[in-house]
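A short worksheet on the structure shown next.
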Amino acid sequence: MRPEQKSDWLPHPENYCWIFVDLQNARMQSRDGLLKYILESLKMQMPTPCDLDRFMEIVSDNLHSPTVILLDEIGVGLQRCSELDDGFWESLRSLATNHTGGNLAFVLATPESPIELARNTGHSSPFFNIFGYTAYLGALTETEAQELIASSPIAFTDEDVEWILTISCCWPLLLQILCRERLFNLEEGENDDNWREEGLRQMKSFTHLLDSEVAE
């Protein structure tokens with residue numbers, strides 16, 4: 001984090017365990033693989049077999065510190081992963097609300113509300129009803145974007161900064177793509193504009209953000 005960024009969101013952040021789950025990762029797309037990964041991250045005993053019942057029992061008995069599981073690309077899990085069915089999500093809901101003393105929470109990253117996402121993918125689990133707060137992430141302000149650019153270990157020219165701000169429209173992902181290409185270019189000692197062409201090519205898959213009011 002940059003020195004001026006807010007960092008006191010939690011009273012004792014060192015007490016929290018954060019587990020990042022990318023459901024685009026094939027290893028996370030099976031029930032066995034996902035449960036084992038969570039237990040490994042928690043440094044808990046690995047049962048054999050690692051089924052849902054044993055997972056629930058181990059976490060219920062041993063989770064005594066605040067833990068947040070970050071589920072990225074949850075839509076992939078709902079659309080493609082048949083083993084992550086309603087029974088699976090219902091068990092996770094029960095674990096969080098009834099069996100861990102308030103020490104387990106989930107954060108989802110999704111372009112639509114969890115309830116709508118579940119409905120649109122044919123799921124009906126009440127797991128998706130427990131998310132009472134939604135944060136909509138949009139573009140940075142120009143001041144915020146300039147602060148991000150200024151954190152580069154090699155300073156950019158005013159002309160480069162202005163071009164990056166204009167092309168990215170201050171979307172964080174696009175900003176980082178363009179800044180990365182410019183930094184690589186400078187680190188290689190090059191002084192041409194080829195990085196701009198490469199930056200535009202790299203951000204092509206994400207240009208839908210430029211027409212969006214809300215981004216994942």
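Simple scheme: letters A, B, ... for chains in structure tokens order, numbers from 1 for residues in each chain, numbers from 1 for ligands in the order shown.
Near Leu210 of chain A, within 8 Å and counting only C-alpha atoms, sit Ser168, Cys169 and Trp171 of chain A, not including residues fewer than 6 positions from it in the same chain.
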Go ahead and write the selection's residues with N, CA and C atoms as a compact mmCIF listing (two decimals), in the first residue's frame.
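Listing of result30.txt after writing:
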```txt
# COMPACT_ATOMS: atom_id res chain seq x y z
N SER A 168 -7.34 5.33 -20.43
CA SER A 168 -7.89 4.42 -19.42
C SER A 168 -9.21 4.90 -18.83
N CYS A 169 -9.51 6.19 -19.01
CA CYS A 169 -10.67 6.80 -18.34
C CYS A 169 -10.65 6.53 -16.83
N TRP A 171 -9.99 3.85 -15.15
CA TRP A 171 -10.34 2.52 -14.64
C TRP A 171 -9.08 1.86 -14.11
```
Would you return as an mmCIF file with N, CA and C atoms, in the first residue's frame the members of segment 14-125 of chain A that DSSP assigns to helix (DSSP H, G or I) on this structure's backbone?
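Contents of out16.cif, freshly written:
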```cif
data_model
loop_
_atom_site.group_PDB
_atom_site.id
_atom_site.type_symbol
_atom_site.label_atom_id
_atom_site.label_comp_id
_atom_site.auth_asym_id
_atom_site.auth_seq_id
_atom_site.Cartn_x
_atom_site.Cartn_y
_atom_site.Cartn_z
ATOM 1 N N GLU A 14 -4.079 -8.002 12.042
ATOM 2 C CA GLU A 14 -3.128 -9.120 12.115
ATOM 3 C C GLU A 14 -3.793 -10.397 12.624
ATOM 4 N N ASN A 15 -4.977 -10.270 13.209
ATOM 5 C CA ASN A 15 -5.679 -11.447 13.734
ATOM 6 C C ASN A 15 -6.506 -12.164 12.674
ATOM 7 N N ALA A 26 -8.636 -24.420 -12.131
ATOM 8 C CA ALA A 26 -9.246 -25.749 -12.258
ATOM 9 C C ALA A 26 -9.198 -26.527 -10.955
ATOM 10 N N ARG A 27 -8.166 -26.290 -10.132
ATOM 11 C CA ARG A 27 -8.053 -27.006 -8.863
ATOM 12 C C ARG A 27 -9.136 -26.606 -7.880
ATOM 13 N N MET A 28 -9.729 -25.427 -8.077
ATOM 14 C CA MET A 28 -10.779 -24.955 -7.179
ATOM 15 C C MET A 28 -12.169 -25.363 -7.658
ATOM 16 N N ARG A 31 -15.186 -30.145 -5.613
ATOM 17 C CA ARG A 31 -15.463 -30.016 -4.180
ATOM 18 C C ARG A 31 -14.257 -30.433 -3.353
ATOM 19 N N ASP A 32 -13.655 -31.559 -3.712
ATOM 20 C CA ASP A 32 -12.490 -32.058 -2.981
ATOM 21 C C ASP A 32 -11.330 -31.055 -3.023
ATOM 22 N N GLY A 33 -11.041 -30.531 -4.200
ATOM 23 C CA GLY A 33 -9.936 -29.599 -4.342
ATOM 24 C C GLY A 33 -10.151 -28.317 -3.566
ATOM 25 N N LEU A 34 -11.364 -27.780 -3.607
ATOM 26 C CA LEU A 34 -11.656 -26.531 -2.908
ATOM 27 C C LEU A 34 -11.614 -26.714 -1.395
ATOM 28 N N LEU A 35 -12.195 -27.796 -0.894
ATOM 29 C CA LEU A 35 -12.197 -28.030 0.551
ATOM 30 C C LEU A 35 -10.782 -28.255 1.072
ATOM 31 N N LYS A 36 -9.979 -28.990 0.328
ATOM 32 C CA LYS A 36 -8.589 -29.223 0.747
ATOM 33 C C LYS A 36 -7.806 -27.912 0.770
ATOM 34 N N TYR A 37 -8.029 -27.087 -0.224
ATOM 35 C CA TYR A 37 -7.328 -25.805 -0.288
ATOM 36 C C TYR A 37 -7.670 -24.930 0.913
ATOM 37 N N ILE A 38 -8.944 -24.888 1.285
ATOM 38 C CA ILE A 38 -9.358 -24.074 2.432
ATOM 39 C C ILE A 38 -8.735 -24.613 3.715
ATOM 40 N N LEU A 39 -8.755 -25.926 3.898
ATOM 41 C CA LEU A 39 -8.160 -26.514 5.100
ATOM 42 C C LEU A 39 -6.653 -26.281 5.147
ATOM 43 N N GLU A 40 -5.992 -26.398 4.021
ATOM 44 C CA GLU A 40 -4.551 -26.121 3.979
ATOM 45 C C GLU A 40 -4.272 -24.670 4.355
ATOM 46 N N SER A 41 -5.097 -23.761 3.844
ATOM 47 C CA SER A 41 -4.914 -22.339 4.138
ATOM 48 C C SER A 41 -5.132 -22.047 5.614
ATOM 49 N N LEU A 42 -6.014 -22.816 6.244
ATOM 50 C CA LEU A 42 -6.292 -22.647 7.672
ATOM 51 C C LEU A 42 -5.321 -23.435 8.550
ATOM 52 N N LEU A 52 -17.566 -33.282 2.496
ATOM 53 C CA LEU A 52 -18.186 -32.093 3.071
ATOM 54 C C LEU A 52 -18.486 -32.265 4.555
ATOM 55 N N ASP A 53 -18.923 -33.451 4.960
ATOM 56 C CA ASP A 53 -19.241 -33.699 6.359
ATOM 57 C C ASP A 53 -18.009 -33.529 7.249
ATOM 58 N N ARG A 54 -16.893 -34.127 6.842
ATOM 59 C CA ARG A 54 -15.667 -34.033 7.641
ATOM 60 C C ARG A 54 -15.111 -32.609 7.636
ATOM 61 N N PHE A 55 -15.226 -31.945 6.499
ATOM 62 C CA PHE A 55 -14.787 -30.544 6.408
ATOM 63 C C PHE A 55 -15.571 -29.677 7.399
ATOM 64 N N MET A 56 -16.890 -29.843 7.407
ATOM 65 C CA MET A 56 -17.748 -29.070 8.320
ATOM 66 C C MET A 56 -17.356 -29.328 9.773
ATOM 67 N N GLU A 57 -17.124 -30.578 10.096
ATOM 68 C CA GLU A 57 -16.787 -30.939 11.473
ATOM 69 C C GLU A 57 -15.458 -30.319 11.899
ATOM 70 N N ILE A 58 -14.443 -30.420 11.044
ATOM 71 C CA ILE A 58 -13.119 -29.906 11.397
ATOM 72 C C ILE A 58 -13.135 -28.391 11.554
ATOM 73 N N VAL A 59 -13.761 -27.692 10.612
ATOM 74 C CA VAL A 59 -13.796 -26.228 10.695
ATOM 75 C C VAL A 59 -14.638 -25.780 11.890
ATOM 76 N N SER A 60 -15.758 -26.426 12.132
ATOM 77 C CA SER A 60 -16.613 -26.062 13.268
ATOM 78 C C SER A 60 -15.881 -26.200 14.593
ATOM 79 N N ASP A 61 -15.067 -27.231 14.712
ATOM 80 C CA ASP A 61 -14.372 -27.497 15.974
ATOM 81 C C ASP A 61 -13.104 -26.666 16.156
ATOM 82 N N ASN A 62 -12.540 -26.164 15.075
ATOM 83 C CA ASN A 62 -11.189 -25.583 15.176
ATOM 84 C C ASN A 62 -11.059 -24.127 14.741
ATOM 85 N N ILE A 74 -17.003 -15.965 -8.918
ATOM 86 C CA ILE A 74 -18.017 -16.876 -8.403
ATOM 87 C C ILE A 74 -18.955 -17.368 -9.509
ATOM 88 N N GLY A 75 -19.136 -16.541 -10.552
ATOM 89 C CA GLY A 75 -19.994 -16.945 -11.661
ATOM 90 C C GLY A 75 -19.482 -18.185 -12.363
ATOM 91 N N VAL A 76 -18.157 -18.320 -12.467
ATOM 92 C CA VAL A 76 -17.571 -19.514 -13.083
ATOM 93 C C VAL A 76 -17.915 -20.746 -12.262
ATOM 94 N N GLY A 77 -17.824 -20.608 -10.923
ATOM 95 C CA GLY A 77 -18.147 -21.729 -10.054
ATOM 96 C C GLY A 77 -19.593 -22.167 -10.192
ATOM 97 N N LEU A 78 -20.485 -21.201 -10.362
ATOM 98 C CA LEU A 78 -21.902 -21.537 -10.460
ATOM 99 C C LEU A 78 -22.264 -22.097 -11.829
ATOM 100 N N GLN A 79 -21.597 -21.634 -12.852
ATOM 101 C CA GLN A 79 -21.947 -22.052 -14.212
ATOM 102 C C GLN A 79 -21.308 -23.372 -14.622
ATOM 103 N N ARG A 80 -20.076 -23.621 -14.169
ATOM 104 C CA ARG A 80 -19.321 -24.744 -14.722
ATOM 105 C C ARG A 80 -19.058 -25.881 -13.748
ATOM 106 N N ASP A 86 -26.167 -26.787 -4.862
ATOM 107 C CA ASP A 86 -26.882 -26.070 -3.796
ATOM 108 C C ASP A 86 -26.557 -26.638 -2.419
ATOM 109 N N GLY A 87 -26.385 -27.968 -2.333
ATOM 110 C CA GLY A 87 -26.055 -28.581 -1.049
ATOM 111 C C GLY A 87 -24.714 -28.083 -0.524
ATOM 112 N N PHE A 88 -23.767 -27.889 -1.422
ATOM 113 C CA PHE A 88 -22.451 -27.372 -1.031
ATOM 114 C C PHE A 88 -22.579 -25.958 -0.475
ATOM 115 N N TRP A 89 -23.264 -25.087 -1.206
ATOM 116 C CA TRP A 89 -23.386 -23.696 -0.763
ATOM 117 C C TRP A 89 -24.212 -23.589 0.508
ATOM 118 N N GLU A 90 -25.218 -24.431 0.655
ATOM 119 C CA GLU A 90 -26.023 -24.421 1.888
ATOM 120 C C GLU A 90 -25.171 -24.795 3.092
ATOM 121 N N SER A 91 -24.252 -25.733 2.907
ATOM 122 C CA SER A 91 -23.363 -26.132 4.001
ATOM 123 C C SER A 91 -22.444 -24.984 4.393
ATOM 124 N N LEU A 92 -21.917 -24.253 3.420
ATOM 125 C CA LEU A 92 -21.062 -23.112 3.734
ATOM 126 C C LEU A 92 -21.845 -22.026 4.470
ATOM 127 N N ARG A 93 -23.090 -21.839 4.081
ATOM 128 C CA ARG A 93 -23.919 -20.848 4.768
ATOM 129 C C ARG A 93 -24.121 -21.258 6.221
ATOM 130 N N SER A 94 -24.436 -22.520 6.435
ATOM 131 C CA SER A 94 -24.645 -23.022 7.788
ATOM 132 C C SER A 94 -23.377 -22.889 8.624
ATOM 133 N N LEU A 95 -22.238 -23.171 7.996
ATOM 134 C CA LEU A 95 -20.957 -23.070 8.690
ATOM 135 C C LEU A 95 -20.718 -21.640 9.166
ATOM 136 N N ALA A 96 -21.007 -20.679 8.298
ATOM 137 C CA ALA A 96 -20.746 -19.275 8.631
ATOM 138 C C ALA A 96 -21.728 -18.725 9.656
ATOM 139 N N THR A 97 -22.984 -19.115 9.562
ATOM 140 C CA THR A 97 -24.015 -18.497 10.408
ATOM 141 C C THR A 97 -24.279 -19.232 11.715
ATOM 142 N N ASN A 98 -23.950 -20.523 11.785
ATOM 143 C CA ASN A 98 -24.353 -21.294 12.963
ATOM 144 C C ASN A 98 -23.247 -22.052 13.684
ATOM 145 N N PRO A 114 -25.375 -11.249 -5.891
ATOM 146 C CA PRO A 114 -25.303 -12.696 -5.676
ATOM 147 C C PRO A 114 -26.632 -13.409 -5.912
ATOM 148 N N ILE A 115 -27.727 -12.794 -5.480
ATOM 149 C CA ILE A 115 -29.041 -13.427 -5.654
ATOM 150 C C ILE A 115 -29.377 -13.556 -7.129
ATOM 151 N N GLU A 116 -29.150 -12.492 -7.897
ATOM 152 C CA GLU A 116 -29.424 -12.545 -9.330
ATOM 153 C C GLU A 116 -28.517 -13.546 -10.026
ATOM 154 N N LEU A 117 -27.267 -13.584 -9.603
ATOM 155 C CA LEU A 117 -26.314 -14.514 -10.198
ATOM 156 C C LEU A 117 -26.745 -15.950 -9.962
ATOM 157 N N ALA A 118 -27.162 -16.255 -8.723
ATOM 158 C CA ALA A 118 -27.621 -17.611 -8.415
ATOM 159 C C ALA A 118 -28.859 -17.958 -9.234
ATOM 160 N N ARG A 119 -29.788 -17.021 -9.313
ATOM 161 C CA ARG A 119 -31.019 -17.268 -10.065
ATOM 162 C C ARG A 119 -30.720 -17.496 -11.543
ATOM 163 N N ASN A 120 -29.817 -16.695 -12.098
ATOM 164 C CA ASN A 120 -29.506 -16.791 -13.523
ATOM 165 C C ASN A 120 -28.732 -18.045 -13.885
#
```
Original post:
What's the 12 Å shell around Leu174 of chain A, counting only C-alpha atoms, without same-chain residues fewer than 2 positions away, as a VMD selection string?
Top reply: chain A and resid 139 to 140 145 148 to 149 164 to 172 176 to 181 199 to 210 215
Serialized selection, C-alpha atoms, as a PDB file, in the first residue's frame:
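The file below, selection-v1.pdb, is the result:
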```pdb
ATOM      1  CA  ALA A 139     -13.386   4.263 -12.012  1.00  0.00           C
ATOM      2  CA  LEU A 140     -10.934   6.194  -9.854  1.00  0.00           C
ATOM      3  CA  ALA A 145      -5.416   7.815 -10.765  1.00  0.00           C
ATOM      4  CA  LEU A 148      -1.448   5.486  -8.607  1.00  0.00           C
ATOM      5  CA  ILE A 149       0.651   6.476 -11.611  1.00  0.00           C
ATOM      6  CA  ILE A 164      -2.664   7.069 -19.816  1.00  0.00           C
ATOM      7  CA  LEU A 165      -5.393   9.011 -17.993  1.00  0.00           C
ATOM      8  CA  THR A 166      -7.225   9.743 -21.247  1.00  0.00           C
ATOM      9  CA  ILE A 167      -7.067   6.223 -22.681  1.00  0.00           C
ATOM     10  CA  SER A 168      -7.893   4.415 -19.417  1.00  0.00           C
ATOM     11  CA  CYS A 169     -10.670   6.797 -18.337  1.00  0.00           C
ATOM     12  CA  CYS A 170      -9.196   6.158 -14.862  1.00  0.00           C
ATOM     13  CA  TRP A 171     -10.337   2.524 -14.636  1.00  0.00           C
ATOM     14  CA  PRO A 172      -7.871   0.803 -12.255  1.00  0.00           C
ATOM     15  CA  GLN A 176      -2.301  -0.698 -14.415  1.00  0.00           C
ATOM     16  CA  ILE A 177      -2.023  -2.307 -17.847  1.00  0.00           C
ATOM     17  CA  LEU A 178      -0.838   0.926 -19.464  1.00  0.00           C
ATOM     18  CA  CYS A 179       1.475   1.789 -16.572  1.00  0.00           C
ATOM     19  CA  ARG A 180       2.990  -1.686 -16.699  1.00  0.00           C
ATOM     20  CA  GLU A 181       3.793  -1.376 -20.392  1.00  0.00           C
ATOM     21  CA  GLY A 199      -0.763  -1.312 -23.996  1.00  0.00           C
ATOM     22  CA  LEU A 200      -3.765  -0.859 -26.286  1.00  0.00           C
ATOM     23  CA  ARG A 201      -3.437  -4.470 -27.402  1.00  0.00           C
ATOM     24  CA  GLN A 202      -3.239  -5.747 -23.818  1.00  0.00           C
ATOM     25  CA  MET A 203      -6.309  -3.799 -22.693  1.00  0.00           C
ATOM     26  CA  LYS A 204      -8.442  -4.797 -25.679  1.00  0.00           C
ATOM     27  CA  SER A 205     -10.156  -7.585 -23.721  1.00  0.00           C
ATOM     28  CA  PHE A 206     -11.263  -5.110 -21.061  1.00  0.00           C
ATOM     29  CA  THR A 207     -12.461  -2.155 -23.108  1.00  0.00           C
ATOM     30  CA  HIS A 208     -16.049  -2.960 -22.107  1.00  0.00           C
ATOM     31  CA  LEU A 209     -15.199  -1.152 -18.876  1.00  0.00           C
ATOM     32  CA  LEU A 210     -15.123   2.108 -20.787  1.00  0.00           C
ATOM     33  CA  ALA A 215     -17.211  -2.972 -12.834  1.00  0.00           C
TER      34      ALA A 215
END
```
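With atom CA of Pro111 of chain A on one side and atom CA of Asp72 of chain A on the other, the separation reads 10.8 Å.
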Within 12 Å of Glu147 of chain A using only C-alpha atoms, minus same-chain residues under 2 positions, as a PDB file with N, CA and C atoms, in the first residue's frame:
```
ATOM      1  N   MET A   1       0.829  -1.200   0.000  1.00  0.00           N
ATOM      2  CA  MET A   1       0.000   0.000   0.000  1.00  0.00           C
ATOM      3  C   MET A   1       0.863   1.249   0.000  1.00  0.00           C
ATOM      4  N   ARG A   2       0.344   2.294  -0.625  1.00  0.00           N
ATOM      5  CA  ARG A   2       1.038   3.569  -0.591  1.00  0.00           C
ATOM      6  C   ARG A   2       0.842   4.218   0.776  1.00  0.00           C
ATOM      7  N   PRO A   3       1.798   5.016   1.234  1.00  0.00           N
ATOM      8  CA  PRO A   3       1.764   5.560   2.605  1.00  0.00           C
ATOM      9  C   PRO A   3       0.478   6.307   2.958  1.00  0.00           C
ATOM     10  N   GLU A   4      -0.109   7.002   1.976  1.00  0.00           N
ATOM     11  CA  GLU A   4      -1.277   7.830   2.286  1.00  0.00           C
ATOM     12  C   GLU A   4      -2.598   7.063   2.229  1.00  0.00           C
ATOM     13  N   GLN A   5      -2.542   5.787   1.846  1.00  0.00           N
ATOM     14  CA  GLN A   5      -3.786   5.022   1.740  1.00  0.00           C
ATOM     15  C   GLN A   5      -4.305   4.623   3.119  1.00  0.00           C
ATOM     16  N   LEU A 140     -11.552   5.301 -10.823  1.00  0.00           N
ATOM     17  CA  LEU A 140     -10.934   6.194  -9.854  1.00  0.00           C
ATOM     18  C   LEU A 140     -11.182   7.644 -10.259  1.00  0.00           C
ATOM     19  N   THR A 141     -11.068   8.545  -9.312  1.00  0.00           N
ATOM     20  CA  THR A 141     -11.049   9.956  -9.665  1.00  0.00           C
ATOM     21  C   THR A 141      -9.713  10.257 -10.342  1.00  0.00           C
ATOM     22  N   GLU A 142      -9.630  11.378 -11.026  1.00  0.00           N
ATOM     23  CA  GLU A 142      -8.373  11.708 -11.695  1.00  0.00           C
ATOM     24  C   GLU A 142      -7.246  11.866 -10.679  1.00  0.00           C
ATOM     25  N   THR A 143      -7.564  12.433  -9.514  1.00  0.00           N
ATOM     26  CA  THR A 143      -6.540  12.591  -8.473  1.00  0.00           C
ATOM     27  C   THR A 143      -6.041  11.233  -8.000  1.00  0.00           C
ATOM     28  N   GLU A 144      -6.964  10.300  -7.769  1.00  0.00           N
ATOM     29  CA  GLU A 144      -6.574   8.958  -7.346  1.00  0.00           C
ATOM     30  C   GLU A 144      -5.746   8.262  -8.418  1.00  0.00           C
ATOM     31  N   ALA A 145      -6.146   8.441  -9.669  1.00  0.00           N
ATOM     32  CA  ALA A 145      -5.416   7.815 -10.765  1.00  0.00           C
ATOM     33  C   ALA A 145      -4.002   8.388 -10.871  1.00  0.00           C
ATOM     34  N   ILE A 149      -0.407   6.367 -10.605  1.00  0.00           N
ATOM     35  CA  ILE A 149       0.651   6.476 -11.611  1.00  0.00           C
ATOM     36  C   ILE A 149       1.947   6.966 -10.974  1.00  0.00           C
ATOM     37  N   ALA A 150       1.822   7.909 -10.043  1.00  0.00           N
ATOM     38  CA  ALA A 150       3.009   8.484  -9.397  1.00  0.00           C
ATOM     39  C   ALA A 150       3.756   7.477  -8.535  1.00  0.00           C
ATOM     40  N   SER A 151       3.129   6.333  -8.224  1.00  0.00           N
ATOM     41  CA  SER A 151       3.799   5.323  -7.408  1.00  0.00           C
ATOM     42  C   SER A 151       4.780   4.485  -8.219  1.00  0.00           C
ATOM     43  N   SER A 152       4.859   4.722  -9.521  1.00  0.00           N
ATOM     44  CA  SER A 152       5.815   3.992 -10.360  1.00  0.00           C
ATOM     45  C   SER A 152       7.235   4.242  -9.871  1.00  0.00           C
ATOM     46  N   ALA A 155       9.625   7.611 -12.846  1.00  0.00           N
ATOM     47  CA  ALA A 155       8.633   8.637 -13.140  1.00  0.00           C
ATOM     48  C   ALA A 155       8.293   8.681 -14.627  1.00  0.00           C
ATOM     49  N   VAL A 161       1.617  10.560 -18.772  1.00  0.00           N
ATOM     50  CA  VAL A 161       0.574  10.517 -17.747  1.00  0.00           C
ATOM     51  C   VAL A 161      -0.757  10.955 -18.336  1.00  0.00           C
ATOM     52  N   LEU A 165      -4.133   8.591 -18.607  1.00  0.00           N
ATOM     53  CA  LEU A 165      -5.393   9.011 -17.993  1.00  0.00           C
ATOM     54  C   LEU A 165      -6.511   9.056 -19.031  1.00  0.00           C
ATOM     55  N   CYS A 170      -9.446   6.334 -16.302  1.00  0.00           N
ATOM     56  CA  CYS A 170      -9.196   6.158 -14.862  1.00  0.00           C
ATOM     57  C   CYS A 170      -9.703   4.840 -14.296  1.00  0.00           C
ATOM     58  N   PRO A 172      -9.088   1.354 -12.869  1.00  0.00           N
ATOM     59  CA  PRO A 172      -7.871   0.803 -12.255  1.00  0.00           C
ATOM     60  C   PRO A 172      -7.171  -0.258 -13.090  1.00  0.00           C
ATOM     61  N   LEU A 175      -5.586   1.346 -16.145  1.00  0.00           N
ATOM     62  CA  LEU A 175      -4.448   2.142 -15.686  1.00  0.00           C
ATOM     63  C   LEU A 175      -3.222   1.267 -15.454  1.00  0.00           C
TER      64      LEU A 175
END
```
Show me a table, sorted first by chain and then by increasing residue number, of the residues of segment 79-125 of chain A having an atom at most 10 Å from segment 17-22 of chain A, each with its shortest atom pair and the distance in Å to one decimal, counting only C-alpha atoms and written as a tab-separated table.
```
residue	atom	partner	partner_atom	distance
A:Asn103	CA	A:Cys17	CA	9.9
A:Leu104	CA	A:Cys17	CA	9.6
A:Ala105	CA	A:Trp18	CA	9.9
A:Phe106	CA	A:Ile19	CA	9.5
A:Val107	CA	A:Phe20	CA	9.6
A:Leu108	CA	A:Val21	CA	9.9
A:Ala109	CA	A:Asp22	CA	10.0
```
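Atom CA of Gln146 of chain A lies 18.3 Å from atom CA of Leu186 of chain A.
When only C-alpha atoms are used to compute distances to Glu198 of chain A, the closest of the residues A:Phe184, A:Thr48, A:Asp211, A:Tyr133 turns out to be A:Phe184.
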**OP:** Report as an MDAnalysis selection string: the residues of segment 14-202 of chain A with a DSSP assignment of strand (DSSP E or B), based on the backbone of this structure.
**Re:** chainID A and resid 17:22 67:72 104:109 137
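Restricting the calculation to only C-alpha atoms, the smallest distance between Trp163 of chain A and any of A:Arg196, A:Glu190, A:Pro66, A:Tyr16 is found for A:Arg196.
Interatomic distance, atom CA of Thr110 of chain A to atom CA of Glu73 of chain A: 6.4 Å.
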